[in-house]
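Next comes model-v3.cif, with mmCIF, C-alpha atoms and all ligand atoms.
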data_model
#
loop_
_atom_site.label_atom_id
_atom_site.label_comp_id
_atom_site.auth_asym_id
_atom_site.auth_seq_id
_atom_site.Cartn_x
_atom_site.Cartn_y
_atom_site.Cartn_z
CA MET A 1 74.18 91.26 139.82
CA SER A 2 70.88 89.51 139.20
CA THR A 3 70.88 86.01 137.85
CA LEU A 4 70.78 85.63 134.13
CA ASN A 5 67.36 84.54 132.90
CA GLN A 6 65.45 84.10 129.67
CA ALA A 7 63.25 87.16 130.20
CA GLU A 8 66.30 89.42 130.45
CA LEU A 9 67.84 87.91 127.30
CA ASP A 10 64.59 88.51 125.44
CA ARG A 11 64.55 92.11 126.60
CA LEU A 12 68.21 92.64 125.67
CA LEU A 13 67.63 91.21 122.21
CA ALA A 14 64.60 93.47 121.69
CA GLU A 15 66.69 96.46 122.78
CA ALA A 16 69.54 95.49 120.48
CA LYS A 17 67.17 95.18 117.54
CA ALA A 18 65.75 98.62 118.29
CA ALA A 19 69.21 100.24 118.35
CA ASP A 20 70.28 102.62 115.55
CA VAL A 21 72.29 100.82 112.85
CA SER A 22 71.27 103.10 110.01
CA ASN A 23 74.78 104.29 109.09
CA ALA A 24 78.37 103.16 109.30
CA ASP A 25 79.13 105.10 112.49
CA ALA A 26 76.03 103.80 114.31
CA LEU A 27 76.82 100.25 113.22
CA GLU A 28 80.36 100.51 114.54
CA ALA A 29 79.08 101.86 117.87
CA PHE A 30 76.65 98.91 117.97
CA ARG A 31 79.48 96.48 117.32
CA ILE A 32 81.61 97.92 120.12
CA ALA A 33 78.71 98.06 122.57
CA HIS A 34 77.73 94.42 121.96
CA PHE A 35 80.76 92.52 120.71
CA GLY A 36 83.58 94.73 122.01
CA ARG A 37 85.98 93.92 124.82
CA GLN A 38 83.86 95.83 127.34
CA GLY A 39 80.65 94.95 125.50
CA LEU A 40 77.40 93.27 126.39
CA LEU A 41 78.50 89.73 125.42
CA LYS A 42 81.56 89.94 127.63
CA ASP A 43 79.30 91.02 130.48
CA LEU A 44 76.81 88.20 129.87
CA ASN A 45 79.60 85.62 129.67
CA GLU A 46 80.84 86.72 133.07
CA ARG A 47 77.39 86.51 134.54
CA PHE A 48 76.90 83.07 132.98
CA ARG A 49 79.73 81.80 135.11
CA ALA A 50 77.69 82.66 138.20
CA VAL A 51 74.69 80.59 137.04
CA PRO A 52 74.09 77.65 139.39
CA GLY A 53 75.27 74.29 138.01
CA GLN A 54 71.84 72.73 137.53
CA GLU A 55 70.65 75.67 135.39
CA LYS A 56 73.85 75.98 133.34
CA ARG A 57 72.83 73.67 130.50
CA GLU A 58 69.54 75.35 129.87
CA MET A 59 70.96 78.89 130.38
CA GLY A 60 73.92 78.05 128.09
CA GLN A 61 71.59 77.14 125.25
CA ALA A 62 69.55 80.29 125.83
CA LEU A 63 72.73 82.42 125.81
CA ASN A 64 73.95 80.76 122.61
CA ALA A 65 70.63 81.41 120.91
CA PHE A 66 70.87 85.03 122.07
CA LYS A 67 74.41 85.40 120.65
CA GLN A 68 73.39 83.90 117.31
CA ALA A 69 70.35 86.17 117.05
CA LEU A 70 72.48 89.20 117.93
CA GLN A 71 75.15 88.26 115.38
CA ALA A 72 72.50 87.61 112.70
CA HIS A 73 70.97 91.03 113.38
CA PHE A 74 74.38 92.70 113.11
CA ASP A 75 75.32 90.86 109.89
CA GLU A 76 72.03 91.78 108.32
CA ALA A 77 72.37 95.45 109.24
CA LYS A 78 75.92 95.49 107.85
CA ALA A 79 74.93 93.83 104.58
CA GLY A 80 72.09 96.31 104.18
CA LEU A 81 74.45 99.28 104.63
CA THR A 82 77.01 97.94 102.16
CA ALA A 83 74.32 97.45 99.51
CA GLU A 84 73.12 101.01 100.07
CA GLU A 85 76.66 102.40 99.79
CA ASP A 86 77.24 100.50 96.57
CA ALA A 87 74.08 101.94 95.13
CA GLN A 88 75.23 105.43 96.06
CA GLY A 89 78.75 104.99 94.76
CA SER A 90 80.48 103.52 97.80
CA GLY A 91 79.86 106.44 100.08
CA ALA A 92 81.73 108.90 97.86
CA ASP A 93 81.70 112.55 98.89
CA HIS A 94 79.22 114.03 96.45
CA THR A 95 80.21 117.57 97.32
CA ARG A 96 83.66 117.13 95.76
CA PRO A 97 84.18 118.76 92.32
CA SER A 98 83.84 116.18 89.57
CA GLY A 99 86.79 115.05 87.50
CA GLU A 100 87.18 116.03 83.86
CA VAL A 101 84.46 114.59 81.65
CA PRO A 102 85.69 113.81 78.14
CA LEU A 103 83.57 115.86 75.73
CA GLY A 104 85.34 115.13 72.47
CA SER A 105 87.42 117.64 70.54
CA HIS A 106 86.82 120.78 68.54
CA HIS A 107 86.56 120.40 64.79
CA PRO A 108 89.74 121.70 63.10
CA ILE A 109 87.68 124.23 61.10
CA ARG A 110 86.33 125.59 64.34
CA ILE A 111 89.81 125.80 65.86
CA VAL A 112 91.19 127.79 62.89
CA ARG A 113 88.10 129.97 62.70
CA ARG A 114 88.45 130.91 66.35
CA GLU A 115 92.14 131.65 65.92
CA ILE A 116 91.54 133.91 62.90
CA LEU A 117 88.66 135.76 64.57
CA SER A 118 90.70 136.35 67.70
CA ILE A 119 93.53 137.90 65.65
CA PHE A 120 91.08 140.33 64.05
CA ASP A 121 89.39 140.90 67.39
CA ARG A 122 92.71 142.20 68.73
CA MET A 123 92.85 144.60 65.76
CA GLY A 124 89.42 145.98 66.63
CA PHE A 125 87.24 144.04 64.21
CA THR A 126 83.83 142.87 65.45
CA VAL A 127 81.96 139.84 64.12
CA ALA A 128 78.90 140.03 61.85
CA ASP A 129 76.69 137.28 60.50
CA GLY A 130 74.33 136.84 57.56
CA PRO A 131 71.98 134.25 56.04
CA GLU A 132 73.14 131.24 54.00
CA ILE A 133 70.10 131.40 51.74
CA GLU A 134 70.47 134.73 50.00
CA ASP A 135 69.02 136.75 47.17
CA ASP A 136 70.72 137.76 43.95
CA TRP A 137 71.22 141.34 45.14
CA HIS A 138 73.37 140.54 48.19
CA VAL A 139 75.47 137.84 46.51
CA PHE A 140 75.89 139.36 43.02
CA SER A 141 74.18 142.55 41.90
CA GLY A 142 74.96 144.61 45.01
CA LEU A 143 78.58 143.54 44.56
CA ASN A 144 78.82 144.84 41.02
CA PHE A 145 78.65 141.45 39.27
CA PRO A 146 77.57 142.05 35.69
CA GLU A 147 74.42 140.26 34.52
CA GLU A 148 76.38 137.75 32.44
CA HIS A 149 79.10 136.98 35.02
CA PRO A 150 79.95 133.25 34.98
CA ALA A 151 79.69 132.96 38.78
CA ARG A 152 75.94 133.37 38.41
CA ASP A 153 75.87 130.38 36.12
CA MET A 154 73.88 127.32 37.15
CA GLN A 155 77.14 125.40 37.07
CA ASP A 156 78.59 127.41 39.95
CA THR A 157 75.61 128.51 41.99
CA PHE A 158 72.91 126.49 43.73
CA PHE A 159 69.61 128.21 43.02
CA ILE A 160 66.42 127.59 44.96
CA GLN A 161 63.87 126.17 42.52
CA ARG A 162 60.81 127.67 44.17
CA ASP A 163 62.11 131.22 43.80
CA PRO A 164 64.59 132.08 41.03
CA ASP A 165 65.82 135.08 43.04
CA LEU A 166 66.96 132.87 45.93
CA LEU A 167 70.26 131.00 46.03
CA LEU A 168 72.80 129.55 48.43
CA ARG A 169 75.47 132.19 48.93
CA THR A 170 78.65 131.42 47.03
CA HIS A 171 80.77 133.67 49.25
CA THR A 172 80.51 135.60 52.51
CA SER A 173 80.86 138.88 50.62
CA SER A 174 77.05 138.99 50.76
CA VAL A 175 77.36 139.89 54.45
CA GLN A 176 79.44 142.95 53.47
CA VAL A 177 76.45 144.26 51.50
CA ARG A 178 74.02 143.58 54.35
CA GLU A 179 76.23 145.36 56.86
CA MET A 180 76.89 148.34 54.59
CA GLU A 181 73.15 148.72 54.05
CA LYS A 182 72.41 148.42 57.74
CA ARG A 183 75.14 150.54 59.29
CA GLU A 184 76.97 153.80 58.88
CA PRO A 185 80.76 153.89 58.47
CA PRO A 186 83.20 153.51 60.07
CA LEU A 187 82.86 149.74 59.72
CA ARG A 188 85.44 147.27 60.90
CA ILE A 189 84.00 143.78 60.74
CA VAL A 190 84.85 140.13 60.10
CA MET A 191 82.16 137.78 58.80
CA PRO A 192 82.65 134.03 59.16
CA GLY A 193 80.27 131.63 57.47
CA ARG A 194 79.44 128.63 55.36
CA VAL A 195 79.31 129.01 51.58
CA PHE A 196 78.10 126.79 48.77
CA ARG A 197 79.31 126.18 45.23
CA ASN A 198 78.14 123.67 42.72
CA GLU A 199 81.47 121.87 42.43
CA ALA A 200 82.38 118.21 42.20
CA ILE A 201 83.84 117.00 45.48
CA SER A 202 87.57 116.31 45.29
CA ALA A 203 90.72 116.58 47.40
CA ARG A 204 90.86 120.33 46.62
CA ALA A 205 87.21 121.32 46.20
CA HIS A 206 83.93 120.80 47.98
CA CYS A 207 80.39 122.04 47.44
CA ILE A 208 80.31 123.35 51.01
CA PHE A 209 83.15 125.22 52.65
CA HIS A 210 83.81 128.06 55.08
CA GLN A 211 85.07 131.58 54.60
CA ILE A 212 85.99 134.54 56.72
CA GLU A 213 85.27 137.89 55.12
CA GLY A 214 86.71 141.20 56.31
CA LEU A 215 85.58 144.76 55.68
CA TYR A 216 87.07 148.04 56.79
CA ILE A 217 85.42 151.31 55.74
CA ASP A 218 86.36 154.74 57.03
CA ARG A 219 87.71 158.05 55.81
CA ASP A 220 91.12 157.83 54.11
CA VAL A 221 91.50 154.06 54.20
CA SER A 222 94.23 153.20 51.73
CA PHE A 223 95.79 150.18 50.08
CA ALA A 224 98.69 150.56 52.52
CA ASP A 225 96.24 149.97 55.38
CA LEU A 226 95.03 146.80 53.65
CA LYS A 227 98.55 145.52 53.18
CA GLN A 228 99.63 146.29 56.73
CA THR A 229 96.51 144.70 58.22
CA LEU A 230 97.05 141.54 56.21
CA LEU A 231 100.74 141.43 57.09
CA VAL A 232 99.98 141.66 60.80
CA PHE A 233 97.34 138.97 60.37
CA ALA A 234 99.74 136.64 58.53
CA GLU A 235 102.45 137.14 61.14
CA GLN A 236 100.05 136.38 63.96
CA LEU A 237 98.71 133.29 62.25
CA PHE A 238 101.92 131.85 60.80
CA GLY A 239 104.58 133.42 63.05
CA SER A 240 106.57 136.65 63.07
CA GLY A 241 108.82 137.19 60.09
CA THR A 242 106.23 135.62 57.76
CA LYS A 243 106.54 137.09 54.28
CA ILE A 244 103.50 138.01 52.20
CA ARG A 245 103.00 139.23 48.66
CA LEU A 246 100.03 140.71 46.85
CA ARG A 247 99.47 139.66 43.24
CA PRO A 248 97.13 141.67 40.99
CA SER A 249 93.81 139.93 40.49
CA TYR A 250 90.20 140.65 39.63
CA PHE A 251 86.96 140.72 41.58
CA PRO A 252 83.90 142.70 40.44
CA PHE A 253 83.53 144.31 43.86
CA THR A 254 87.11 145.47 44.51
CA GLU A 255 89.37 147.80 42.54
CA PRO A 256 92.27 147.30 42.59
CA SER A 257 92.05 143.62 43.51
CA ALA A 258 94.75 141.22 44.66
CA GLU A 259 95.43 137.70 45.81
CA MET A 260 97.55 137.40 48.89
CA ASP A 261 100.27 134.76 49.06
CA VAL A 262 102.22 133.70 52.12
CA TYR A 263 105.80 132.51 51.77
CA TRP A 264 105.82 128.90 52.83
CA GLY A 265 109.34 127.78 51.94
CA LEU A 266 110.88 125.69 49.20
CA GLU A 267 113.27 123.36 50.93
CA THR A 268 111.56 120.02 51.31
CA GLU A 269 109.62 117.88 48.89
CA VAL A 270 106.46 118.72 50.86
CA ASP A 271 107.16 122.46 50.41
CA LYS A 272 107.49 121.94 46.70
CA ARG A 273 104.30 119.91 46.46
CA ILE A 274 102.20 122.27 48.59
CA THR A 275 103.40 125.42 46.83
CA LYS A 276 103.49 123.89 43.35
CA GLY A 277 107.18 124.67 43.12
CA THR A 278 106.92 128.42 43.84
CA GLY A 279 107.42 128.55 47.61
CA TRP A 280 104.33 130.79 47.84
CA LEU A 281 100.81 129.88 48.90
CA GLU A 282 97.67 131.76 48.02
CA ILE A 283 95.43 132.28 51.04
CA MET A 284 92.91 134.97 50.17
CA GLY A 285 91.41 137.47 47.78
CA CYS A 286 91.31 141.13 48.70
CA GLY A 287 91.17 144.67 47.40
CA MET A 288 89.83 148.20 47.80
CA VAL A 289 86.04 148.25 47.87
CA ASP A 290 84.83 149.40 44.44
CA PRO A 291 83.16 152.86 44.67
CA ALA A 292 80.17 151.40 42.78
CA VAL A 293 79.68 148.89 45.62
CA LEU A 294 79.79 151.60 48.28
CA GLU A 295 77.30 153.63 46.32
CA ALA A 296 74.93 150.69 45.79
CA SER A 297 74.78 150.25 49.59
CA GLY A 298 74.19 153.93 50.26
CA ILE A 299 77.70 154.92 51.30
CA ASP A 300 79.19 158.04 49.71
CA PRO A 301 82.39 156.96 47.88
CA ASN A 302 83.64 160.55 47.90
CA GLU A 303 83.67 160.55 51.66
CA PHE A 304 84.60 156.98 52.46
CA THR A 305 86.98 154.35 51.16
CA GLY A 306 87.56 150.84 52.37
CA PHE A 307 89.17 147.49 51.86
CA ALA A 308 87.78 143.97 51.89
CA PHE A 309 89.25 140.50 51.99
CA GLY A 310 87.98 136.94 52.01
CA MET A 311 89.72 133.69 52.87
CA GLY A 312 88.80 130.01 52.91
CA ILE A 313 89.06 128.47 56.37
CA GLU A 314 89.62 124.94 55.04
CA ARG A 315 92.49 126.23 52.97
CA ILE A 316 94.22 127.72 55.98
CA ALA A 317 93.57 124.61 58.10
CA MET A 318 95.12 122.46 55.33
CA LEU A 319 98.21 124.64 55.41
CA LYS A 320 98.41 124.80 59.16
CA TRP A 321 98.32 121.03 59.66
CA GLN A 322 99.50 119.96 56.21
CA ILE A 323 96.28 118.11 55.49
CA GLY A 324 96.34 116.88 51.92
CA ASP A 325 92.64 116.18 51.36
CA LEU A 326 89.82 118.66 51.91
CA ARG A 327 87.27 115.85 52.25
CA ALA A 328 88.70 114.93 55.66
CA PHE A 329 86.95 117.98 57.14
CA PHE A 330 83.53 116.76 56.06
CA GLU A 331 83.68 113.03 56.64
CA ASN A 332 83.43 113.16 60.43
CA ASP A 333 85.85 110.30 60.84
CA ILE A 334 86.45 110.25 64.57
CA ARG A 335 90.05 109.05 64.08
CA PHE A 336 90.78 112.23 62.10
CA LEU A 337 88.87 114.62 64.36
CA GLU A 338 90.36 113.27 67.60
CA GLN A 339 93.84 114.30 66.49
CA PHE A 340 92.99 117.95 67.11
CA THR A 341 92.29 117.54 70.84
CA ALA A 342 95.71 118.81 71.87
CA ALA A 343 95.49 121.80 69.55
CA SER A 344 92.13 122.94 70.93
N1 LIG B 401 84.51 136.73 47.74
C1 LIG B 401 85.76 136.39 47.13
C2 LIG B 401 85.78 134.88 46.87
O1 LIG B 401 84.94 134.17 47.40
C3 LIG B 401 86.94 136.74 48.00
C4 LIG B 401 87.08 138.22 48.21
C5 LIG B 401 86.49 138.82 49.32
C6 LIG B 401 87.84 138.99 47.36
C7 LIG B 401 86.63 140.19 49.53
C8 LIG B 401 87.99 140.34 47.56
C9 LIG B 401 87.40 140.94 48.63
O2 LIG B 401 86.61 134.38 46.14
#
Would you write out, as structure tokens, the structure that this file holds?
Amino acid sequence: MSTLNQAELDRLLAEAKAADVSNADALEAFRIAHFGRQGLLKDLNERFRAVPGQEKREMGQALNAFKQALQAHFDEAKAGLTAEEDAQGSGADHTRPSGEVPLGSHHPIRIVRREILSIFDRMGFTVADGPEIEDDWHVFSGLNFPEEHPARDMQDTFFIQRDPDLLLRTHTSSVQVREMEKREPPLRIVMPGRVFRNEAISARAHCIFHQIEGLYIDRDVSFADLKQTLLVFAEQLFGSGTKIRLRPSYFPFTEPSAEMDVYWGLETEVDKRITKGTGWLEIMGCGMVDPAVLEASGIDPNEFTGFAFGMGIERIAMLKWQIGDLRAFFENDIRFLEQFTAAS
């Protein structure tokens, strides 16, 4: 064992400073090699004991300086690594799948829309779409609305000033016309969309709302098919055993026409309020497509018959969750919308 001297300490310090301390494992190996029980310092301490008495003072100071420099180098390397880890997220494993990121909740209208479409999807209906800005033909004339029909009135319909033939569709029945013009029967489609009516906003009415339209055209489609389809729909949406009834009604584009009610119940005060004391709730208009409408769209009414229906999505959402004010769907109050997280 050679005698400890300054030159060797200088060399050892240079070596230590050149050692790899670039990651946690390397730093730990460094610590063991230098400060560990079998490490360099232990070795140097032993050799210090062999230093002749007259050199001890000087050599002791040199050794102390060496130890301090080594410790300072180690502390610095460690601090540097910790800062780096913090910046990277404390050495987290970035290959692990991330946790759930909260993305908000679906709008209740969207939830109900999806539920309704999936029921009709299972019955073989496909989805069709049409424009919100329409012309008179697709919203009114093609659907057999007489020239003087009140729905065309400025009070009900938003017209586009630049072009008197253009308007915001007041119902999704316009998509029926587009599809009948475009395609050959058989047709089995549902048509969701936004509609516009010039109405004062209140708890029960809004100038913008959403509908889902249905159309089924084939040979020998009868009113019994309409009723059975709507019964299956109501049972899927509101539960099996749901009772429905069809009340005679009028629409220019269906003959005969009906309103469909669902039996809600008449036990509680809420039942009475919601159903206006009847126990029944109206959820849609429907009927057999008027032969004049088929003809106007180029479908031979002697060969084909069909049924159509149209429902308001807000209406059904109000029933489903007993929401008393239609405006809640349009106000985007986060406290209202967040309540539908579980349901989505
Ligand atoms: N379009 C009608 C409405 O908006 C509903 C309807 C659709 C009625 C299809 C019959 C057939 O009130």
Could you list, as a ChimeraX atom specification, all protein and nucleic acid residues with an atom at most 9 Å from ligand LIG 401 (chain B), counting all atoms listed in the file? /A:170-174,176,195,211-215,250-254,257-259,284-289,307-312
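With distances taken over all atoms listed in the file, A:Phe238 is the one residue among A:Phe336, A:Phe304, A:Tyr216, A:Phe238 lying closest to Ile316 (chain A).
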Can you tell me how far CA of Val139 (chain A) sits from CA of Asp121 (chain A), in Å to one decimal? 25.3 Å
List the neighbours of Gln322 (chain A) out to 12 Å using all atoms listed in the file; skip same-chain residues closer than 5 positions along the sequence, and give me the result as an NGL selection string. :A and (264 or 270-271 or 273-275 or 314-317 or 328)
Those residues with C-alpha atoms, as an mmCIF file, in the frame of the given file please?
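Dumped everything to part12.cif:
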data_model
loop_
_atom_site.group_PDB
_atom_site.id
_atom_site.type_symbol
_atom_site.label_atom_id
_atom_site.label_comp_id
_atom_site.auth_asym_id
_atom_site.auth_seq_id
_atom_site.Cartn_x
_atom_site.Cartn_y
_atom_site.Cartn_z
ATOM 1 C CA TRP A 264 105.820 128.900 52.830
ATOM 2 C CA VAL A 270 106.460 118.720 50.860
ATOM 3 C CA ASP A 271 107.160 122.460 50.410
ATOM 4 C CA ARG A 273 104.300 119.910 46.460
ATOM 5 C CA ILE A 274 102.200 122.270 48.590
ATOM 6 C CA THR A 275 103.400 125.420 46.830
ATOM 7 C CA GLU A 314 89.620 124.940 55.040
ATOM 8 C CA ARG A 315 92.490 126.230 52.970
ATOM 9 C CA ILE A 316 94.220 127.720 55.980
ATOM 10 C CA ALA A 317 93.570 124.610 58.100
ATOM 11 C CA ALA A 328 88.700 114.930 55.660
#
Set the distance at 7 Å and use all atoms listed in the file: which residues neighbour Asp135 (chain A) once local chain neighbours fewer than 3 positions away are removed? I'd like the list as a ChimeraX atom specification. /A:138-139,165-167
Suppose you want the space between CA of Met180 (chain A) and CA of Arg152 (chain A); what is it in Å? 22.1 Å
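The nearest approach to Gly142 (chain A) among the residues A:Ala50, A:Leu81, A:Val177, A:Cys207, with all atoms listed in the file taken into account, belongs to A:Val177.
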Dig up all the protein and nucleic acid residues within 10 Å of (100.4, 141.9, 47.3) in the file frame, using all atoms listed in the file, and format them as a compact mmCIF listing (two decimals) with C-alpha atoms, keeping the file's coordinate frame.
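So out.txt came out as:
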# COMPACT_ATOMS: atom_id res chain seq x y z
CA PHE A 223 95.79 150.18 50.08
CA LEU A 226 95.03 146.80 53.65
CA LYS A 227 98.55 145.52 53.18
CA LEU A 230 97.05 141.54 56.21
CA LEU A 231 100.74 141.43 57.09
CA ILE A 244 103.50 138.01 52.20
CA ARG A 245 103.00 139.23 48.66
CA LEU A 246 100.03 140.71 46.85
CA ARG A 247 99.47 139.66 43.24
CA PRO A 248 97.13 141.67 40.99
CA SER A 249 93.81 139.93 40.49
CA SER A 257 92.05 143.62 43.51
CA ALA A 258 94.75 141.22 44.66
CA GLU A 259 95.43 137.70 45.81
CA MET A 260 97.55 137.40 48.89
CA ASP A 261 100.27 134.76 49.06
CA VAL A 262 102.22 133.70 52.12
CA CYS A 286 91.31 141.13 48.70
CA GLY A 287 91.17 144.67 47.40
Excluding Leu326 (chain A) and its own-chain neighbours fewer than 5 positions away, which residues fall within 9 Å of it when counting all atoms listed in the file? Please give them as a list in words. Ile201, Ser202, Ala203, Arg204, Ala205, His206, Glu314, Arg315 and Met318 of chain A
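When CA of Thr157 (chain A) is paired with CA of Phe196 (chain A), their separation reads 7.4 Å.
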Determine, counting all atoms listed in the file, which protein, DNA and RNA residues have an atom within 9 Å of an atom of Ala234 (chain A); residues of the same chain fewer than 5 positions away are not included. Present the result as a ChimeraX atom specification. /A:229,239-240,242-244,262
Which centre and which edge lengths, in Å to one decimal, describe the axis-aligned box that holds all listed atoms of region 297-313 of chain A after 4 Å is added on each side, as lines of an AutoDock Vina configuration file?
center_x = 82.0
center_y = 144.5
center_z = 52.1
size_x = 23.5
size_y = 40.1
size_z = 16.5
